[in-house]
Amino acid sequence: PRANSEAASLIDNVVVSDRVYRYYRERRGYDNGYEREEFMKRRFMDEYRRAEAADHAAPKVILKMGHWHLYRGIGPSNLQTLGNFVSELARVNGGQSFHVSVHGNNPAGGYRTMTAWPDSFPDPLIARPLPTDSWTIVDLRPLRANYRRIAAALRPDQRDQFARLVFGFDAALYLGGMRPATFENNPGVAY
């Protein structure tokens with residue numbers, strides 16, 4: 001296909017996808033994660049440049065994806081994330097970024113609880129006092145100044161995860177009252 005054509009882009013995407021899944025099947029975790037993060041950065045920049053060319057201004061951007069990809073700094077996979085890339089791009093352009101981590105916060109033993117993915121949800125100290133039947137957003141930025149004092153009360157494994165949350169995100173949204181999706185409000189859909 002012609003360079004920079006849609007066909008060339010589609011073929012490149014299939015090749016990258018094949019490599020990502022091959023690395024996953026071969027249990028090459030770092031290679032899998034690195035390939036994914038770099039691909040997301042390339043795709044982001046393709047769309048960013050397209051938007052920039054359309055009105056000759058730096059675009060405003062909203063990204064919604066799994067929070068491991070949106071960390072500012074090094075994420076849990078020990079990779080420079082797309083979130084870090086976007087944060088740095090915003091700074092270079094004289095702007096800023098605001099990163100929000102989203103967590104299920106239902107009662108223990110229920111659907112989407114904090115304990116379901118302990119490596120992904122490192123903040124039981126924050127979430128413990130929050131209601132499990134409603135949504136709560138927590139501004140994490142004030143915790144940065146008090147990080148050393150708070151971290152001193154944590155186990156070593158909790159310290160690293162807490163630091164990632166507090167320095168990797170600006171806010172955390174805790175979703176209490178979550179339940180599995182159903183068709184109860186759309187009875188015409190067969191399932």
# chains A, B, ... in the order shown; residues from 1 in each chain; ligands from 1
$ closest_atom_pairs --of "region 19-49 of chain A" --to "region 64-76 of chain A" --cutoff "10 Å" --atoms "only C-alpha atoms" --output "CSV"
residue,atom,partner,partner_atom,distance
A:Gly33,CA,A:His69,CA,9.6
A:Arg36,CA,A:His69,CA,9.4
A:Glu37,CA,A:His69,CA,7.3
A:Met40,CA,A:His69,CA,9.1
$ write_last_selection --atoms "all heavy atoms" --output "mmCIF file, in the first residue's frame"
data_model
loop_
_atom_site.group_PDB
_atom_site.id
_atom_site.type_symbol
_atom_site.label_atom_id
_atom_site.label_comp_id
_atom_site.auth_asym_id
_atom_site.auth_seq_id
_atom_site.Cartn_x
_atom_site.Cartn_y
_atom_site.Cartn_z
ATOM 1 N N GLY A 33 4.216 -5.339 27.212
ATOM 2 C CA GLY A 33 3.829 -4.025 27.724
ATOM 3 C C GLY A 33 4.499 -2.888 26.987
ATOM 4 O O GLY A 33 3.876 -1.876 26.655
ATOM 5 N N ARG A 36 2.944 -2.373 23.566
ATOM 6 C CA ARG A 36 1.623 -1.753 23.699
ATOM 7 C C ARG A 36 1.739 -0.264 23.999
ATOM 8 O O ARG A 36 1.069 0.560 23.370
ATOM 9 C CB ARG A 36 0.815 -2.442 24.794
ATOM 10 C CG ARG A 36 0.404 -3.850 24.426
ATOM 11 C CD ARG A 36 -0.288 -4.541 25.565
ATOM 12 N NE ARG A 36 -1.596 -3.957 25.784
ATOM 13 C CZ ARG A 36 -2.229 -3.960 26.950
ATOM 14 N NH1 ARG A 36 -1.665 -4.500 28.011
ATOM 15 N NH2 ARG A 36 -3.415 -3.435 27.070
ATOM 16 N N GLU A 37 2.577 0.096 24.974
ATOM 17 C CA GLU A 37 2.720 1.516 25.336
ATOM 18 C C GLU A 37 3.253 2.330 24.161
ATOM 19 O O GLU A 37 2.761 3.421 23.881
ATOM 20 C CB GLU A 37 3.645 1.689 26.550
ATOM 21 C CG GLU A 37 3.089 1.166 27.853
ATOM 22 C CD GLU A 37 1.914 1.954 28.423
ATOM 23 O OE1 GLU A 37 1.652 3.099 27.987
ATOM 24 O OE2 GLU A 37 1.245 1.425 29.323
ATOM 25 N N MET A 40 0.537 2.781 21.551
ATOM 26 C CA MET A 40 -0.451 3.781 21.969
ATOM 27 C C MET A 40 0.104 5.196 21.806
ATOM 28 O O MET A 40 -0.622 6.113 21.405
ATOM 29 C CB MET A 40 -0.894 3.535 23.414
ATOM 30 C CG MET A 40 -1.806 2.337 23.550
ATOM 31 S SD MET A 40 -2.477 2.144 25.207
ATOM 32 C CE MET A 40 -1.101 1.392 26.045
#
$ select_by_dssp --residues "region 58-121 of chain A" --states "helix (DSSP H, G or I)" --output "list in words"
His67, Trp68, His69, Leu82, Gly83, Asn84, Phe85, Val86, Ser87, Glu88, Leu89, Ala90, Arg91, Val92, Met114, Thr115 and Ala116 of chain A
$ residues_around --residues "region 166-170 of chain A" --least-positions-apart "2" --cutoff "8 Å" --atoms "only C-alpha atoms" --output "ChimeraX atom specification"
/A:71-73,75,98-101,139-141,143-144,162-164,172
$ atom_distance --atom1 "CA of Thr136 (chain A)" --atom2 "CA of Phe85 (chain A)"
27.5 Å
$ decode --residues "region 53-174 of chain A" --atoms "C-alpha atoms" --output "compact mmCIF listing (two decimals), in the first residue's frame"
# COMPACT_ATOMS: atom_id res chain seq x y z
CA ALA A 53 -3.38 20.33 11.50
CA ALA A 54 -7.16 20.80 11.35
CA ASP A 55 -7.20 24.08 13.30
CA HIS A 56 -3.49 24.90 13.73
CA ALA A 57 -3.67 24.80 17.54
CA ALA A 58 -2.66 22.31 20.19
CA PRO A 59 -5.74 20.12 20.78
CA LYS A 60 -7.36 19.55 24.15
CA VAL A 61 -7.32 15.83 24.87
CA ILE A 62 -9.30 13.39 26.99
CA LEU A 63 -7.98 9.83 27.29
CA LYS A 64 -10.05 7.03 28.80
CA MET A 65 -8.27 3.74 29.26
CA GLY A 66 -7.08 1.29 31.87
CA HIS A 67 -5.34 3.24 34.61
CA TRP A 68 -2.05 1.34 34.28
CA HIS A 69 -1.60 3.21 30.97
CA LEU A 70 -2.41 6.63 32.43
CA TYR A 71 0.06 6.84 35.30
CA ARG A 72 2.31 9.87 35.33
CA GLY A 73 5.83 8.50 35.58
CA ILE A 74 6.63 4.81 35.65
CA GLY A 75 3.58 2.59 35.94
CA PRO A 76 3.17 -0.77 37.70
CA SER A 77 4.73 -2.56 34.70
CA ASN A 78 7.94 -0.51 35.13
CA LEU A 79 7.28 1.20 31.80
CA GLN A 80 7.04 4.85 30.81
CA THR A 81 3.32 5.06 30.23
CA LEU A 82 1.18 6.83 27.67
CA GLY A 83 -0.07 8.93 30.60
CA ASN A 84 3.46 10.09 31.33
CA PHE A 85 4.02 10.83 27.64
CA VAL A 86 0.86 12.95 27.48
CA SER A 87 1.79 14.73 30.71
CA GLU A 88 5.19 15.67 29.31
CA LEU A 89 3.70 16.72 25.97
CA ALA A 90 1.27 19.01 27.78
CA ARG A 91 4.16 20.63 29.68
CA VAL A 92 6.22 21.09 26.52
CA ASN A 93 3.22 22.82 24.94
CA GLY A 94 2.79 25.12 27.95
CA GLY A 95 -0.26 23.23 29.21
CA GLN A 96 -0.99 20.74 31.93
CA SER A 97 -2.60 17.37 32.42
CA PHE A 98 -4.94 16.06 35.09
CA HIS A 99 -4.89 12.30 35.74
CA VAL A 100 -7.80 10.46 37.37
CA SER A 101 -7.64 6.86 38.56
CA VAL A 102 -10.96 4.99 38.74
CA HIS A 103 -11.60 2.18 41.25
CA GLY A 104 -14.50 -0.08 42.13
CA ASN A 105 -15.30 0.36 45.83
CA ASN A 106 -18.05 -2.05 46.73
CA PRO A 107 -18.38 -3.92 50.04
CA ALA A 108 -15.96 -6.79 50.66
CA GLY A 109 -17.07 -9.97 48.93
CA GLY A 110 -19.23 -8.05 46.44
CA TYR A 111 -18.88 -7.06 42.82
CA ARG A 112 -15.77 -4.98 41.91
CA THR A 113 -14.26 -4.67 45.34
CA MET A 114 -10.94 -3.08 46.28
CA THR A 115 -9.57 -6.50 47.18
CA ALA A 116 -10.44 -8.02 43.78
CA TRP A 117 -7.26 -6.57 42.24
CA PRO A 118 -4.93 -5.71 45.12
CA ASP A 119 -2.06 -4.85 42.76
CA SER A 120 -4.25 -2.40 40.87
CA PHE A 121 -5.91 -0.78 43.86
CA PRO A 122 -3.15 0.18 46.27
CA ASP A 123 -5.11 2.60 48.38
CA PRO A 124 -7.10 0.90 51.14
CA LEU A 125 -6.12 3.73 53.49
CA ILE A 126 -7.97 6.21 51.30
CA ALA A 127 -10.90 4.01 50.32
CA ARG A 128 -11.55 2.34 53.69
CA PRO A 129 -13.52 5.28 55.15
CA LEU A 130 -15.41 5.99 51.91
CA PRO A 131 -19.02 4.89 51.37
CA THR A 132 -19.42 1.73 49.32
CA ASP A 133 -22.88 2.68 48.04
CA SER A 134 -22.03 5.95 46.28
CA TRP A 135 -19.32 7.60 44.18
CA THR A 136 -16.56 9.66 45.78
CA ILE A 137 -13.74 11.64 44.20
CA VAL A 138 -10.59 12.23 46.24
CA ASP A 139 -8.08 14.96 45.43
CA LEU A 140 -4.71 13.22 45.83
CA ARG A 141 -2.52 16.29 45.34
CA PRO A 142 -2.51 17.40 49.01
CA LEU A 143 -1.23 13.95 50.01
CA ARG A 144 2.05 14.54 48.16
CA ALA A 145 3.31 17.05 50.74
CA ASN A 146 2.54 14.55 53.52
CA TYR A 147 3.72 11.44 51.71
CA ARG A 148 6.70 10.66 53.99
CA ARG A 149 4.61 10.89 57.16
CA ILE A 150 1.82 8.72 55.70
CA ALA A 151 4.24 6.22 54.13
CA ALA A 152 5.97 5.68 57.47
CA ALA A 153 2.77 4.01 58.72
CA LEU A 154 2.57 1.62 55.75
CA ARG A 155 4.12 -1.76 55.06
CA PRO A 156 6.96 -1.60 52.47
CA ASP A 157 4.80 -3.17 49.73
CA GLN A 158 2.04 -0.64 50.42
CA ARG A 159 4.48 2.28 50.30
CA ASP A 160 5.42 1.68 46.67
CA GLN A 161 1.81 1.28 45.58
CA PHE A 162 0.71 4.31 47.59
CA ALA A 163 3.49 6.41 46.04
CA ARG A 164 2.42 5.32 42.55
CA LEU A 165 -1.14 6.38 43.25
CA VAL A 166 -0.37 9.71 44.91
CA PHE A 167 2.34 10.81 42.48
CA GLY A 168 0.92 9.11 39.39
CA PHE A 169 -2.57 10.62 39.59
CA ASP A 170 -4.12 13.90 40.65
CA ALA A 171 -7.42 12.42 41.79
CA ALA A 172 -9.04 9.06 42.39
CA LEU A 173 -12.69 8.27 41.69
CA TYR A 174 -14.17 5.50 43.83
